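In what follows, a structure is listed as structure tokens, so that the remarks can point back to it.
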Amino acid sequence: MTPEQAAAGSALSVAVLGAGSWGTTFAKILADAATASGVQRSIRLWGRRAEVVEQINTRHRNPQYLKDIDLPHSITASTEVAEVLSGADLVVLAVPAQSLRLQLREWRRLISPDAYVVSLMKGLELSSDARMSEVICEELGIKADRIAVVSGPNLAMEIAREEPTASVVACSDAEVASWIARSCTAPYFRPYTTTDVVGVEIGGIVKNVIALAVGICEGKRMGDNTKASVITRGLAETSRLALALGGEAQTMAGLAGLGDLVATCSSPLSRNHTAGRLLGKGLTLEQVTAEMTQTAEGIKSGQAVHELAGKLGVEMPITAAVVAVLAGKLSVDELGPLLLARDLKSEGDY
């Protein structure tokens, strides 16, 4: 299906791979968007766990991740990925970033070469330092203009509760970005569009690492001045890396940059903020991982971000400090003073 056909009102078959909080919420957005626009849409959700799939199909709920949120009846679920992908025009990926490449190798033969792919993931691949759209392009052998990224202040539970939220759809093809944005425009979810895929992805990746730092500060009972300072300088770090990779400064000031950073660093619903807070309270990384029910991508992607910054000669002191804490080379007590022990310079000197 082409974007033109979809815009003309053709039925759309959507596969969402990943039945966690964000994958399930995005499936709900797509279903509600179809209802609002009067479009017939089949939405199939793939999950690894049979009990989650059964609850979605029989109770129309995913209580493990979305508690008492009712899901539209147009959403069905299966543990069989071939069943979910059969005939899908749009494939939405919502799996942990570090497992994406291997999963795509298993799924490639099941995904139509004419399908468009949407990434909901906010991570950087270890060892390759590849963004998720790059991994998708490599493993599925499809052109970049068929891959879109959705990012922004996307705290899943708030959106599932239908609290008004704005987001960003990025694709190198502006028409494809607009089509996907129309497909996920629900009464409570308003997507904007951009062609700056690099900036949108980097914003979504680095904010997780900065949120870990802010969470550590909160766990150490540091005040709002400290947290605001880390958020602001974290945005500077994010901007430096994005610009070095070809991203746009305007993106960093928008929903996928500042907006996502503020939400992730401030909300108790943020997995990375929560993980950082637990580290700040004195838990070990192993204890934090055991306590968390969902993946905190900053823990996994922090090292990749640090390595990429080193290759590009981009200074990212907050990221470096967080990675040192995660590696056990720096204690959480040393994090705050270290962030202030830098040479004096103009704030505008990025």
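Residues in the structure tokens are numbered from 1 in each chain, the chains being A, B, ... in the order shown, and ligands are numbered from 1 in the order shown.
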
Would you please give, as a VMD selection string, all residues of segment 149-319 of chain A that DSSP assigns to strand (DSSP E) based on the backbone? chain A and resid 149 to 151 165 to 170 189 to 194

I'd like the neighbourhood of segment 74-83 of chain A as a tab-separated table (two decimals) with N, CA and C atoms, in the first residue's frame, where a residue qualifies if any of its atoms comes within 9 Å (using only C-alpha atoms), though same-chain residues fewer than 5 positions away should be ignored.
chain	number	residue	atom	x	y	z
A	17	LEU	N	4.73	-5.18	17.07
A	17	LEU	CA	5.57	-6.22	17.66
A	17	LEU	C	6.13	-5.73	18.98
A	19	ALA	N	4.38	-6.22	23.19
A	19	ALA	CA	3.15	-5.98	23.97
A	19	ALA	C	3.46	-5.41	25.35
A	27	ALA	N	-0.73	0.67	20.01
A	27	ALA	CA	-1.80	-0.07	19.35
A	27	ALA	C	-3.15	0.56	19.67
A	28	LYS	N	-3.33	0.99	20.91
A	28	LYS	CA	-4.57	1.68	21.31
A	28	LYS	C	-4.73	3.00	20.55
A	31	ALA	N	-5.85	2.27	17.05
A	31	ALA	CA	-7.25	1.84	17.02
A	31	ALA	C	-8.19	3.03	17.23
A	41	ARG	N	-9.62	-0.70	10.36
A	41	ARG	CA	-8.21	-1.02	10.59
A	41	ARG	C	-8.08	-2.26	11.45
A	42	SER	N	-7.29	-3.21	10.98
A	42	SER	CA	-6.99	-4.42	11.74
A	42	SER	C	-5.67	-4.22	12.46
A	43	ILE	N	-5.68	-4.40	13.78
A	43	ILE	CA	-4.47	-4.19	14.57
A	43	ILE	C	-4.16	-5.46	15.34
A	44	ARG	N	-3.02	-6.06	15.02
A	44	ARG	CA	-2.60	-7.29	15.68
A	44	ARG	C	-1.33	-7.03	16.47
A	45	LEU	N	-1.33	-7.52	17.69
A	45	LEU	CA	-0.25	-7.25	18.63
A	45	LEU	C	0.48	-8.54	18.96
A	46	TRP	N	1.80	-8.53	18.82
A	46	TRP	CA	2.59	-9.71	19.15
A	46	TRP	C	3.19	-9.55	20.55
A	47	GLY	N	3.04	-10.62	21.34
A	47	GLY	CA	3.65	-10.64	22.66
A	47	GLY	C	4.32	-11.97	22.91
A	48	ARG	N	5.38	-11.96	23.70
A	48	ARG	CA	6.10	-13.20	23.99
A	48	ARG	C	5.36	-14.07	25.01
A	49	ARG	N	4.63	-13.43	25.92
A	49	ARG	CA	4.04	-14.15	27.04
A	49	ARG	C	2.59	-14.51	26.77
A	50	ALA	N	2.28	-15.79	26.87
A	50	ALA	CA	0.94	-16.28	26.55
A	50	ALA	C	-0.12	-15.67	27.46
A	52	VAL	N	-0.18	-12.68	28.82
A	52	VAL	CA	-0.45	-11.31	28.40
A	52	VAL	C	-1.36	-11.30	27.18
A	53	VAL	N	-1.04	-12.17	26.22
A	53	VAL	CA	-1.83	-12.28	25.00
A	53	VAL	C	-3.27	-12.70	25.32
A	54	GLU	N	-3.40	-13.66	26.21
A	54	GLU	CA	-4.75	-14.15	26.57
A	54	GLU	C	-5.58	-13.04	27.21
A	56	ILE	N	-5.29	-9.83	26.76
A	56	ILE	CA	-5.66	-8.84	25.74
A	56	ILE	C	-6.84	-9.35	24.92
A	57	ASN	N	-6.82	-10.62	24.56
A	57	ASN	CA	-7.88	-11.18	23.72
A	57	ASN	C	-9.19	-11.42	24.46
A	60	HIS	N	-9.54	-7.74	27.08
A	60	HIS	CA	-9.23	-6.47	26.41
A	60	HIS	C	-8.48	-5.53	27.35
A	107	TRP	N	12.50	-12.36	11.68
A	107	TRP	CA	11.22	-11.87	11.16
A	107	TRP	C	11.28	-11.42	9.71
A	110	LEU	N	9.06	-12.70	7.03
A	110	LEU	CA	7.63	-12.57	7.31
A	110	LEU	C	7.10	-11.17	7.05
A	111	ILE	N	7.99	-10.22	6.87
A	111	ILE	CA	7.59	-8.82	6.69
A	111	ILE	C	7.54	-8.50	5.20

Check the smallest atom-to-atom distance from each of A:Gln287, A:Lys227, A:Thr185, A:Arg105 to Leu30 of chain A using only C-alpha atoms, then report the winner.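 Counting only C-alpha atoms, the residue closest to Leu30 of chain A is A:Thr185.
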
Quick one: of A:Arg233, A:Lys122, A:Lys220, A:Arg277, who's nearest to Thr319 of chain A, counting only C-alpha atoms?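 Nearest to Thr319 of chain A: A:Arg233.
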
Contacts of segment 40-112 of chain A with segment 146-164 of chain A up to 9 Å, shortest pair per row, only C-alpha atoms, as CSV:
residue,atom,partner,partner_atom,distance
A:Tyr65,CA,A:Met157,CA,8.4
A:Leu66,CA,A:Met157,CA,6.4
A:Lys67,CA,A:Met157,CA,8.9
A:Ile69,CA,A:Ala160,CA,6.8
A:Asp70,CA,A:Ala160,CA,8.8
A:Leu71,CA,A:Ala160,CA,8.9

Selection: 10 Å around Leu279 of chain A, only C-alpha atoms, excl. self and same-chain fewer than 2 positions, as a VMD selection string: chain A and resid 212 to 213 215 to 220 273 to 277 281 to 288 325 to 326 331 to 332

Hey, could you make a per-residue contact list for segment 25-86 of chain A against segment 187-196 of chain A with 12 Å as the cut-off, showing the nearest pair of atoms and its distance in Å to one decimal, counting only C-alpha atoms, sorted by chain and number, as a tab-separated table?
residue	atom	partner	partner_atom	distance
A:Thr25	CA	A:Phe189	CA	11.0
A:Phe26	CA	A:Phe189	CA	10.0
A:Lys28	CA	A:Phe189	CA	10.7
A:Ile29	CA	A:Phe189	CA	7.3
A:Leu30	CA	A:Phe189	CA	9.9
A:Ala31	CA	A:Pro187	CA	11.3
A:Asp32	CA	A:Pro187	CA	7.8
A:Ala33	CA	A:Pro187	CA	7.3
A:Ala34	CA	A:Pro187	CA	10.6
A:Thr35	CA	A:Pro187	CA	10.0
A:Ala36	CA	A:Pro187	CA	7.3
A:Ser37	CA	A:Pro187	CA	10.0

Compile the contact shell of Lys311 of chain A as a ChimeraX atom specification: residues with an atom at most 12 Å away, counting only C-alpha atoms, same-chain residues fewer than 4 positions apart removed. /A:128-129,241,244-245,304-307,315-316

Taking the DSSP assignment computed from this structure's backbone, write out as an MDAnalysis selection string all residues of segment 95-201 of chain A that belong to alpha helix (DSSP H). chainID A and resid 100:107 132:140 156:160 174:183 197:201

Please measure the separation of atom CA of Val95 of chain A and atom CA of Glu125 of chain A, giving the value in Å to one decimal.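 Distance reported for this atom pair: 12.7 Å.
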
Which value, in Å to one decimal, gives the distance between atom CA of Leu102 of chain A and atom CA of Trp22 of chain A? 20.6 Å
